[in-house]
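Q: Data file work27.cif (mmCIF, C-alpha atoms) is appended below.
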```cif
data_entry
#
loop_
_atom_site.label_atom_id
_atom_site.label_comp_id
_atom_site.auth_asym_id
_atom_site.auth_seq_id
_atom_site.Cartn_x
_atom_site.Cartn_y
_atom_site.Cartn_z
CA MET A 1 3.66 16.53 -28.94
CA SER A 2 6.48 15.58 -26.56
CA THR A 3 5.80 12.74 -24.13
CA ILE A 4 7.98 14.21 -21.38
CA VAL A 5 9.15 17.79 -20.94
CA ALA A 6 11.11 18.39 -17.74
CA ASP A 7 12.43 21.82 -16.92
CA GLN A 8 14.98 22.40 -14.15
CA LEU A 9 13.83 19.45 -12.03
CA SER A 10 15.49 19.47 -8.60
CA GLN A 11 14.96 17.33 -5.54
CA ARG A 12 16.25 18.01 -2.04
CA PHE A 13 16.21 15.61 0.89
CA GLY A 14 16.94 17.89 3.83
CA SER A 15 20.21 19.60 2.99
CA ASP A 16 21.15 16.99 0.36
CA LEU A 17 20.56 17.90 -3.25
CA ALA A 18 19.64 14.56 -4.85
CA LEU A 19 18.76 16.01 -8.24
CA ASP A 20 20.00 19.31 -9.56
CA SER A 21 18.34 21.15 -12.43
CA VAL A 22 17.63 18.33 -14.85
CA ASP A 23 16.13 19.24 -18.21
CA LEU A 24 14.62 16.59 -20.40
CA ALA A 25 12.53 16.33 -23.55
CA LEU A 26 11.37 12.98 -24.88
CA ASP A 27 9.19 12.44 -27.90
CA GLN A 28 6.80 9.58 -28.43
CA GLY A 29 8.67 6.30 -28.91
CA ASP A 30 11.98 7.66 -27.58
CA HIS A 31 14.02 5.37 -25.35
CA LEU A 32 16.26 7.14 -22.85
CA ALA A 33 18.91 5.40 -20.74
CA VAL A 34 19.78 7.13 -17.46
CA LEU A 35 23.30 6.21 -16.44
CA GLY A 36 25.36 7.02 -13.36
CA ASP A 37 27.00 5.62 -10.26
CA ASN A 38 25.12 4.65 -7.13
CA GLY A 39 23.64 7.77 -5.54
CA ALA A 40 23.84 9.72 -8.78
CA GLY A 41 20.12 10.53 -8.67
CA LYS A 42 18.81 8.00 -11.20
CA THR A 43 16.13 6.56 -8.93
CA THR A 44 15.10 10.03 -7.73
CA LEU A 45 14.63 11.19 -11.32
CA LEU A 46 12.71 8.07 -12.30
CA ARG A 47 10.41 8.29 -9.28
CA ILE A 48 9.57 11.88 -10.20
CA LEU A 49 8.87 10.87 -13.81
CA ALA A 50 6.65 8.02 -12.57
CA THR A 51 4.71 10.53 -10.38
CA ALA A 52 5.78 8.58 -7.28
CA ALA A 53 7.58 11.64 -5.89
CA ARG A 54 7.22 15.38 -6.22
CA PRO A 55 10.28 17.44 -7.13
CA THR A 56 11.30 20.24 -4.79
CA SER A 57 11.35 22.61 -7.76
CA GLY A 58 11.04 22.56 -11.50
CA ARG A 59 8.32 21.84 -14.01
CA LEU A 60 7.29 18.51 -15.46
CA GLU A 61 4.83 17.83 -18.25
CA ILE A 62 3.87 14.34 -19.33
CA PHE A 63 1.57 13.83 -22.32
CA GLY A 64 0.99 17.59 -22.23
CA LEU A 65 -0.39 17.48 -18.67
CA ASP A 66 1.17 19.10 -15.61
CA ALA A 67 2.57 16.00 -13.90
CA LEU A 68 2.52 17.63 -10.48
CA ARG A 69 -1.18 18.50 -10.58
CA GLU A 70 -2.64 15.78 -12.78
CA ARG A 71 -0.96 12.78 -11.23
CA LYS A 72 -4.08 10.61 -10.99
CA ARG A 73 -4.95 11.20 -14.63
CA LEU A 74 -1.44 10.31 -15.73
CA ARG A 75 -1.05 7.16 -13.68
CA GLY A 76 -3.19 5.08 -15.99
CA ARG A 77 -0.81 5.94 -18.82
CA ILE A 78 2.48 5.25 -17.05
CA GLY A 79 4.01 1.90 -16.14
CA PHE A 80 6.68 1.88 -13.42
CA VAL A 81 9.08 -0.90 -12.47
CA ALA A 82 10.61 0.17 -9.17
CA HIS A 83 13.82 -1.06 -7.55
CA ALA A 84 11.90 -3.54 -5.36
CA PRO A 85 9.36 -5.78 -7.12
CA GLY A 86 6.60 -4.90 -4.59
CA LEU A 87 4.64 -8.13 -5.03
CA TYR A 88 2.30 -9.99 -2.67
CA PRO A 89 4.21 -13.15 -1.73
CA ALA A 90 1.16 -15.17 -0.64
CA LEU A 91 -0.70 -14.53 -3.91
CA SER A 92 0.14 -16.44 -7.07
CA ALA A 93 1.69 -14.70 -10.07
CA ALA A 94 -1.72 -14.64 -11.79
CA GLU A 95 -3.50 -13.40 -8.65
CA ASN A 96 -0.98 -10.57 -8.29
CA LEU A 97 -1.80 -9.42 -11.81
CA GLU A 98 -5.57 -9.97 -11.36
CA PHE A 99 -5.46 -7.72 -8.33
CA PHE A 100 -3.78 -4.97 -10.33
CA CYS A 101 -6.34 -5.45 -13.14
CA SER A 102 -8.98 -4.41 -10.60
CA LEU A 103 -6.97 -1.35 -9.59
CA GLN A 104 -6.16 -0.36 -13.17
CA GLY A 105 -9.68 -1.04 -14.38
CA VAL A 106 -8.60 -3.41 -17.16
CA GLU A 107 -10.05 -6.76 -18.22
CA ARG A 108 -8.74 -9.88 -16.51
CA ALA A 109 -8.12 -11.40 -19.92
CA ARG A 110 -4.94 -9.27 -19.92
CA VAL A 111 -3.46 -11.50 -17.21
CA SER A 112 -2.75 -14.63 -19.25
CA GLU A 113 -1.60 -12.53 -22.19
CA THR A 114 0.83 -10.60 -19.96
CA LEU A 115 2.12 -13.71 -18.18
CA ALA A 116 2.87 -15.28 -21.56
CA LEU A 117 4.64 -12.12 -22.73
CA VAL A 118 6.96 -12.02 -19.70
CA GLY A 119 7.59 -15.76 -19.83
CA LEU A 120 5.74 -16.75 -16.66
CA ALA A 121 2.80 -18.70 -18.11
CA ASP A 122 4.19 -21.95 -16.65
CA VAL A 123 4.38 -20.60 -13.10
CA ALA A 124 1.13 -18.59 -13.15
CA GLY A 125 -0.26 -20.49 -10.16
CA ARG A 126 2.90 -20.36 -8.04
CA PRO A 127 2.96 -17.94 -5.08
CA ALA A 128 5.05 -14.87 -5.89
CA GLY A 129 7.09 -15.48 -2.74
CA ARG A 130 8.27 -18.79 -4.17
CA LEU A 131 9.34 -17.39 -7.53
CA SER A 132 13.04 -16.79 -8.15
CA ARG A 133 14.28 -13.19 -7.98
CA GLY A 134 14.44 -13.05 -11.76
CA GLU A 135 10.89 -14.39 -12.10
CA GLN A 136 9.68 -11.83 -9.55
CA GLN A 137 11.30 -9.11 -11.64
CA ARG A 138 9.55 -10.45 -14.75
CA LEU A 139 6.27 -10.37 -12.83
CA ALA A 140 6.91 -6.77 -11.77
CA ILE A 141 7.55 -5.88 -15.42
CA GLY A 142 4.32 -7.67 -16.33
CA ARG A 143 2.43 -5.64 -13.75
CA ALA A 144 3.88 -2.42 -15.19
CA ILE A 145 2.61 -3.19 -18.71
CA LEU A 146 -0.71 -4.75 -17.66
CA HIS A 147 -2.67 -1.62 -18.57
CA ASP A 148 -0.73 -1.08 -21.80
CA PRO A 149 0.90 2.22 -20.76
CA ARG A 150 2.36 4.55 -23.36
CA LEU A 151 5.21 5.55 -21.06
CA LEU A 152 7.35 2.97 -19.28
CA ILE A 153 9.76 3.87 -16.47
CA LEU A 154 12.20 1.11 -15.55
CA ASP A 155 14.54 1.41 -12.56
CA GLU A 156 17.39 -1.06 -13.09
CA PRO A 157 15.09 -3.81 -14.36
CA ASP A 158 18.10 -5.82 -15.54
CA ALA A 159 19.50 -6.16 -11.98
CA SER A 160 18.14 -9.67 -11.49
CA LEU A 161 17.05 -10.74 -14.95
CA ASP A 162 18.65 -13.73 -16.66
CA SER A 163 20.24 -13.77 -20.12
CA GLY A 164 16.84 -13.54 -21.80
CA GLY A 165 16.06 -10.40 -19.83
CA ALA A 166 17.36 -7.99 -22.44
CA ASP A 167 15.09 -9.57 -25.06
CA LEU A 168 12.14 -9.17 -22.71
CA LEU A 169 13.00 -5.50 -22.23
CA VAL A 170 13.19 -5.02 -26.00
CA LYS A 171 9.70 -6.54 -26.30
CA VAL A 172 8.07 -4.47 -23.56
CA MET A 173 9.72 -1.19 -24.62
CA GLN A 174 8.69 -1.60 -28.25
CA GLY A 175 6.12 0.99 -29.32
CA ARG A 176 6.35 2.85 -26.04
CA THR A 177 8.29 5.81 -24.75
CA ALA A 178 10.68 4.44 -22.14
CA VAL A 179 13.12 5.71 -19.53
CA LEU A 180 15.52 3.08 -18.25
CA ALA A 181 18.02 3.46 -15.40
CA THR A 182 20.90 1.01 -15.58
CA HIS A 183 24.56 0.50 -14.81
CA ASP A 184 24.97 -1.64 -17.90
CA HIS A 185 26.25 0.54 -20.75
CA ALA A 186 26.00 -2.28 -23.26
CA LEU A 187 22.33 -2.80 -22.40
CA ALA A 188 21.70 0.93 -22.58
CA ASN A 189 23.37 0.98 -25.97
CA ARG A 190 21.21 -1.88 -27.22
CA LEU A 191 17.87 -0.62 -25.90
CA CYS A 192 18.04 3.16 -26.05
CA GLN A 193 18.76 5.76 -28.70
CA ARG A 194 19.39 8.47 -26.12
CA THR A 195 21.27 8.70 -22.86
CA LEU A 196 21.50 10.97 -19.85
CA VAL A 197 24.45 10.65 -17.50
CA LEU A 198 24.01 11.82 -13.91
CA ARG A 199 26.67 12.45 -11.28
CA ASN A 200 25.79 13.70 -7.80
CA GLY A 201 22.36 14.62 -9.09
CA ARG A 202 23.71 16.78 -11.91
CA PRO A 203 23.35 15.95 -15.57
CA LEU A 204 26.88 15.41 -16.88
CA GLY A 205 25.74 15.16 -20.43
CA ALA A 206 23.03 13.95 -22.70
CA GLY A 207 23.34 12.62 -26.17
CA ASN A 208 22.98 9.74 -28.50
CA ARG A 209 24.33 6.31 -27.63
CA LEU A 210 27.51 6.68 -29.65
CA ARG A 211 28.68 9.59 -27.54
CA VAL A 212 28.22 7.68 -24.34
CA VAL A 213 29.91 4.52 -25.55
CA GLN A 214 32.83 6.54 -26.83
CA MET B 1 -20.87 -1.62 -8.83
CA THR B 2 -18.99 1.63 -8.93
CA ARG B 3 -15.27 1.60 -9.51
CA SER B 4 -14.50 2.60 -5.92
CA VAL B 5 -16.48 -0.36 -4.57
CA VAL B 6 -14.69 -2.74 -6.97
CA VAL B 7 -11.31 -1.40 -5.85
CA ALA B 8 -12.19 -1.54 -2.13
CA LEU B 9 -13.44 -5.13 -2.43
CA ALA B 10 -10.36 -6.16 -4.43
CA VAL B 11 -8.04 -4.69 -1.78
CA ALA B 12 -9.98 -6.32 1.06
CA ARG B 13 -10.06 -9.68 -0.73
CA LYS B 14 -6.33 -9.49 -1.40
CA ASP B 15 -5.57 -8.78 2.28
CA LEU B 16 -7.89 -11.51 3.55
CA THR B 17 -6.53 -14.07 1.06
CA SER B 18 -2.97 -13.23 2.11
CA GLU B 19 -3.92 -13.61 5.79
CA TRP B 20 -5.77 -16.88 5.16
CA ARG B 21 -2.71 -18.36 3.42
CA THR B 22 -0.02 -17.07 5.79
CA ARG B 23 -2.03 -17.05 9.04
CA GLU B 24 0.33 -14.40 10.37
CA LEU B 25 -2.04 -12.19 12.31
CA VAL B 26 -5.26 -13.86 13.46
CA PRO B 27 -3.74 -16.77 15.45
CA ALA B 28 -1.40 -14.32 17.20
CA LEU B 29 -4.26 -11.94 17.99
CA GLY B 30 -6.41 -14.82 19.23
CA GLN B 31 -3.63 -15.94 21.57
CA PHE B 32 -3.08 -12.37 22.72
CA VAL B 33 -6.70 -11.78 23.74
CA VAL B 34 -6.95 -15.16 25.50
CA LEU B 35 -3.72 -14.46 27.42
CA ALA B 36 -4.96 -10.97 28.33
CA LEU B 37 -8.12 -12.50 29.76
CA VAL B 38 -6.16 -15.17 31.66
CA ILE B 39 -3.96 -12.48 33.22
CA ALA B 40 -6.99 -10.33 34.11
CA ASN B 41 -8.71 -13.38 35.56
CA PHE B 42 -5.80 -14.00 37.91
CA GLY B 43 -5.01 -10.31 38.48
CA PHE B 44 -8.46 -9.33 39.72
CA GLN B 45 -10.35 -11.00 42.53
CA ILE B 46 -13.27 -12.02 40.32
CA ASP B 47 -16.49 -13.13 41.98
CA SER B 48 -20.13 -13.12 41.01
CA GLN B 49 -20.57 -9.64 42.54
CA ASN B 50 -17.88 -7.76 40.62
CA ALA B 51 -17.51 -9.75 37.37
CA ALA B 52 -20.00 -7.61 35.42
CA THR B 53 -18.22 -4.45 36.59
CA ILE B 54 -14.68 -5.55 35.74
CA ALA B 55 -15.37 -7.53 32.53
CA PRO B 56 -16.26 -4.53 30.29
CA GLY B 57 -12.98 -2.80 31.16
CA VAL B 58 -10.98 -5.95 30.48
CA LEU B 59 -12.84 -6.46 27.19
CA TRP B 60 -12.04 -2.96 25.93
CA LEU B 61 -8.42 -3.14 27.03
CA ALA B 62 -7.91 -6.41 25.16
CA LEU B 63 -9.81 -5.12 22.14
CA VAL B 64 -7.96 -1.81 21.94
CA PHE B 65 -4.51 -3.41 22.05
CA ALA B 66 -5.48 -6.19 19.64
CA GLY B 67 -6.82 -3.47 17.33
CA LEU B 68 -3.55 -1.55 17.45
CA VAL B 69 -1.69 -4.66 16.32
CA ALA B 70 -4.24 -5.51 13.59
CA PHE B 71 -4.39 -2.02 12.11
CA GLY B 72 -0.65 -1.45 12.43
CA ARG B 73 0.01 -4.63 10.44
CA ALA B 74 -2.41 -3.57 7.69
CA PHE B 75 0.04 -1.01 6.34
CA ALA B 76 3.30 -2.32 7.83
CA ALA B 77 3.03 -5.43 5.64
CA GLU B 78 2.58 -3.28 2.54
CA ARG B 79 5.62 -1.24 3.53
CA GLU B 80 7.78 -4.33 4.08
CA GLN B 81 6.80 -5.74 0.69
CA ALA B 82 7.23 -2.31 -0.95
CA SER B 83 3.82 -2.89 -2.50
CA LEU B 84 1.93 0.16 -1.24
CA GLU B 85 3.53 2.41 -3.84
CA ALA B 86 2.61 0.01 -6.66
CA MET B 87 -1.01 0.23 -5.53
CA LEU B 88 -0.96 4.01 -5.23
CA LEU B 89 0.60 4.43 -8.68
CA THR B 90 -2.59 3.12 -10.28
CA PRO B 91 -5.57 5.35 -11.12
CA ALA B 92 -7.55 3.65 -8.31
CA PRO B 93 -9.03 6.20 -5.86
CA ALA B 94 -6.94 6.45 -2.67
CA ALA B 95 -10.11 6.52 -0.56
CA ALA B 96 -11.19 3.18 -2.07
CA ILE B 97 -7.80 1.61 -1.36
CA PHE B 98 -8.04 2.89 2.20
CA ALA B 99 -11.60 1.57 2.57
CA GLY B 100 -10.46 -1.87 1.40
CA LYS B 101 -7.58 -1.94 3.87
CA ALA B 102 -9.86 -0.79 6.73
CA LEU B 103 -12.51 -3.35 5.77
CA ALA B 104 -10.02 -6.23 5.81
CA ALA B 105 -8.39 -5.12 9.08
CA GLY B 106 -11.83 -4.62 10.66
CA LEU B 107 -12.92 -8.11 9.60
CA LEU B 108 -9.76 -9.62 11.07
CA LEU B 109 -10.49 -7.82 14.33
CA ILE B 110 -14.05 -9.19 14.25
CA VAL B 111 -12.59 -12.71 13.93
CA CYS B 112 -10.49 -11.90 16.98
CA GLU B 113 -13.64 -10.69 18.78
CA ALA B 114 -15.26 -14.03 17.97
CA VAL B 115 -12.58 -15.55 20.23
CA LEU B 116 -12.60 -12.75 22.78
CA LEU B 117 -16.31 -12.60 23.63
CA PRO B 118 -16.94 -16.31 24.37
CA THR B 119 -13.66 -16.51 26.32
CA LEU B 120 -14.70 -13.48 28.37
CA ALA B 121 -18.04 -15.10 29.10
CA LEU B 122 -16.25 -18.29 30.11
CA PHE B 123 -13.67 -16.67 32.40
CA PHE B 124 -15.85 -13.97 33.94
CA GLY B 125 -19.21 -15.70 33.87
CA THR B 126 -20.77 -12.73 32.09
CA PRO B 127 -23.67 -13.11 29.65
CA LEU B 128 -22.93 -13.45 25.96
CA ASN B 129 -25.91 -11.91 24.20
CA LEU B 130 -26.82 -10.15 20.97
CA ALA B 131 -26.72 -6.70 22.56
CA LEU B 132 -23.09 -7.26 23.60
CA VAL B 133 -22.07 -8.54 20.15
CA VAL B 134 -23.81 -5.62 18.38
CA ALA B 135 -22.15 -3.00 20.64
CA VAL B 136 -18.67 -4.42 20.03
CA PHE B 137 -19.30 -4.80 16.29
CA VAL B 138 -20.58 -1.23 15.88
CA ALA B 139 -17.58 0.14 17.79
CA THR B 140 -15.22 -1.89 15.59
CA ILE B 141 -16.35 -0.04 12.44
CA GLY B 142 -15.27 3.40 13.62
CA MET B 143 -12.18 2.07 15.36
CA ALA B 144 -11.10 0.35 12.14
CA ALA B 145 -11.51 3.56 10.12
CA LEU B 146 -9.46 5.62 12.59
CA GLY B 147 -6.87 2.91 13.26
CA CYS B 148 -6.22 2.37 9.57
CA LEU B 149 -5.91 6.08 8.86
CA PHE B 150 -3.22 6.52 11.49
CA ALA B 151 -1.54 3.25 10.47
CA ALA B 152 -1.31 4.61 6.91
CA MET B 153 0.02 7.90 8.24
CA VAL B 154 2.84 6.35 10.27
CA ALA B 155 3.64 3.46 7.89
CA ARG B 156 6.59 5.31 6.37
CA VAL B 157 7.89 6.68 9.68
CA ARG B 158 10.70 4.96 11.53
CA SER B 159 9.12 5.15 15.01
CA ARG B 160 5.69 3.98 13.83
CA GLU B 161 5.29 1.41 16.64
CA VAL B 162 5.42 4.27 19.18
CA LEU B 163 3.48 6.80 17.13
CA LEU B 164 0.52 4.58 16.23
CA PRO B 165 -0.78 4.15 19.81
CA LEU B 166 0.00 7.78 20.66
CA LEU B 167 -2.11 9.04 17.76
CA THR B 168 -4.85 6.42 17.81
CA LEU B 169 -5.67 5.85 21.48
CA PRO B 170 -6.89 9.40 22.25
CA LEU B 171 -9.33 9.25 19.34
CA TRP B 172 -10.54 5.79 20.33
CA ILE B 173 -11.59 7.08 23.76
CA PRO B 174 -15.12 8.06 22.57
CA PHE B 175 -15.62 4.47 21.38
CA VAL B 176 -14.36 3.08 24.68
CA ILE B 177 -16.66 5.38 26.67
CA ALA B 178 -19.83 4.75 24.63
CA GLY B 179 -18.93 1.13 23.93
CA GLY B 180 -18.08 0.57 27.59
CA GLN B 181 -21.48 1.86 28.64
CA ALA B 182 -23.29 -0.27 26.04
CA VAL B 183 -21.37 -3.38 27.10
CA GLN B 184 -22.04 -2.73 30.81
CA VAL B 185 -25.77 -2.47 30.14
CA ALA B 186 -25.64 -5.58 27.94
CA MET B 187 -23.99 -7.39 30.87
CA GLY B 188 -26.76 -6.43 33.25
CA ALA B 189 -25.87 -2.99 34.63
CA SER B 190 -28.43 -0.23 34.67
CA GLY B 191 -28.45 2.49 32.01
CA SER B 192 -29.65 3.19 28.49
CA TYR B 193 -28.29 0.73 25.95
CA ASN B 194 -29.99 2.45 23.01
CA GLN B 195 -28.48 5.83 23.89
CA ALA B 196 -24.95 4.34 24.07
CA LEU B 197 -25.45 2.43 20.83
CA GLY B 198 -26.81 5.54 19.11
CA LEU B 199 -23.72 7.43 20.19
CA LEU B 200 -21.51 4.66 18.77
CA VAL B 201 -23.35 4.86 15.43
CA ASP B 202 -22.87 8.66 15.42
CA PHE B 203 -19.15 8.25 16.07
CA ASP B 204 -18.97 5.63 13.29
CA ILE B 205 -20.58 7.96 10.75
CA LEU B 206 -18.42 10.91 11.81
CA PHE B 207 -15.10 9.06 11.72
CA VAL B 208 -15.81 6.99 8.59
CA VAL B 209 -16.63 10.19 6.68
CA LEU B 210 -13.65 12.11 8.09
CA THR B 211 -11.15 9.33 7.49
CA SER B 212 -12.41 8.76 3.93
CA LEU B 213 -11.82 12.43 3.18
CA ALA B 214 -8.41 12.43 4.88
CA ALA B 215 -7.26 9.16 3.27
CA ARG B 216 -6.57 10.86 -0.05
CA PHE B 217 -4.12 13.28 1.52
CA VAL B 218 -2.50 10.64 3.73
CA LEU B 219 -1.97 8.08 0.98
CA ASP B 220 -1.26 10.26 -2.01
CA ASP B 221 2.23 11.36 -0.91
#
```
Would you mind writing the structure in this file as structure tokens?
A:
Amino acid sequence: MSTIVADQLSQRFGSDLALDSVDLALDQGDHLAVLGDNGAGKTTLLRILATAARPTSGRLEIFGLDALRERKRLRGRIGFVAHAPGLYPALSAAENLEFFCSLQGVERARVSETLALVGLADVAGRPAGRLSRGEQQRLAIGRAILHDPRLLILDEPDASLDSGGADLLVKVMQGRTAVLATHDHALANRLCQRTLVLRNGRPLGAGNRLRVVQ
Amino acid sequence: MTRSVVVALAVARKDLTSEWRTRELVPALGQFVVLALVIANFGFQIDSQNAATIAPGVLWLALVFAGLVAFGRAFAAEREQASLEAMLLTPAPAAAIFAGKALAAGLLLIVCEAVLLPTLALFFGTPLNLALVVAVFVATIGMAALGCLFAAMVARVRSREVLLPLLTLPLWIPFVIAGGQAVQVAMGASGSYNQALGLLVDFDILFVVLTSLAARFVLDD
């Protein structure tokens, strides 16, 4: 069974066509890199896949469920790292994750495990507002995998990560289906077997990593 | 505890912890209500004859505008931190998230009332009794539910500061009318306190139920 099947996904904002007839099929364990310039429609596509936005038209199935009707059921199986980390600055790194444990309905034991995985065990008690931008991004990634989702959607997660960031992404994407938006072709090449290039909301081409690098 | 209660309590605890650590809202609201009472004290010719007549109006004016600030901040802070979406992208019920936000904002307003009521009694020489506290507390429940619903609705709109009072104030009028009557009686005027309080409880039930049902549609997109 495919993890994601998207058919003619389009998104309009007023008269602007942000996404134009995107088709997509991802199997379990596939890693897809979405490439494109600023304003190409990467974030729009990822937000639709994460069920954070509804497309204007088109059909989307995730895990065999209609993603437009069964959003609540799907959300426990999807992890989303958005452009902004979306953390609570007055709460510590651990408290941020504990709060999301309550919302996700998972055991709090996951917190220390997740903090260790994303390399934040040493700053677990530090307020999120006093973490560096890279540490905040690591915490946002930790929050996205807290409930052990089978599908991970990552919107430019490398934007503020340090040199160890790519290794972290390899770790969190392992064993999961993942869609990653990035400007970094080398990173896309390292992390993903498949690519989709967008320009002005239109898919320019999809293929394996060799085609894109060439 | 059911899952919805766990989620609502977690959201409320998160908001109250954040407020306790940053102290962004409550000190400002406390100052606001004290200043409002100082201005009213100088603006009206207060004497022992008219204090009980003017004080309820001043109380509700201060409370209504403090409430607008408190409930507006409840969702504005989430929007500024871009954290609302992260919450909504969990399987947690939207109504429970809303209930948690309303509970925390309502409790912050109650803290503000703990400053407002004694200061009112001090400036206007009006009695501070249990009947007065109960009337204000009961009104706060329904006002918090309505205020938070509209705050959630306008959180993503550019002109939210203008829209929030425009949407909220008309629907708070029933609370001001019934609450005003209850407070007047509690301050010594003639009338039926129980009837006014009963009406406030009815409004609470009506608006808490309606806003809980509407929260799903407001928050989900």
Q: With the file shown as input, list the residues that the PyMOL selection byres ((chain B) within 10 of (chain A)) selects, as a count of residues only.
A: 39
Q: So which one's closest to Lys101 of chain B, B:Ala51, B:Ala12, B:Leu219, B:Leu200? Using only C-alpha atoms, please.
A: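 Smallest distance to Lys101 of chain B is found for B:Ala12.
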Q: When distances are computed from all atoms listed in the file, which of B:Phe65, B:Phe98, B:Phe203, B:Trp172 shows the smallest separation from Val138 of chain B?
A: B:Phe203
Q: Starting from the shown file, work through the PyMOL selection byres ((chain A and resi 192) around 7) and note down what comes out as a CSV table (one decimal) with C-alpha atoms, in the coordinates of the input.
A:
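As a result, selection03.csv now contains:
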```csv
chain,number,residue,atom,x,y,z
A,31,HIS,CA,14.0,5.4,-25.4
A,32,LEU,CA,16.3,7.1,-22.8
A,33,ALA,CA,18.9,5.4,-20.7
A,188,ALA,CA,21.7,0.9,-22.6
A,189,ASN,CA,23.4,1.0,-26.0
A,190,ARG,CA,21.2,-1.9,-27.2
A,191,LEU,CA,17.9,-0.6,-25.9
A,193,GLN,CA,18.8,5.8,-28.7
A,194,ARG,CA,19.4,8.5,-26.1
```
Q: Measuring atom to atom with only C-alpha atoms, identify which of A:Thr44, A:Thr182, A:Ser112, A:Ser2 is nearest to Ile62 of chain A.
A: A:Ser2
Q: Determine, counting only C-alpha atoms, which protein, DNA and RNA residues have an atom within 10 Å of an atom of segment 147-158 of chain B; residues of the same chain fewer than 3 positions away are not included. Present the result as a VMD selection string.
A: chain B and resid 64 67 to 80 84 98 to 99 101 to 103 105 to 106 140 to 144 161 to 169 171 to 172 208 210 to 212 214 to 215 217 to 219
Q: Just give me the gap between atom CA of Phe13 of chain A and atom CA of Leu45 of chain A in Å, one decimal is fine.
A: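 Going from atom CA of Phe13 of chain A over to atom CA of Leu45 of chain A, I get 13.1 Å.
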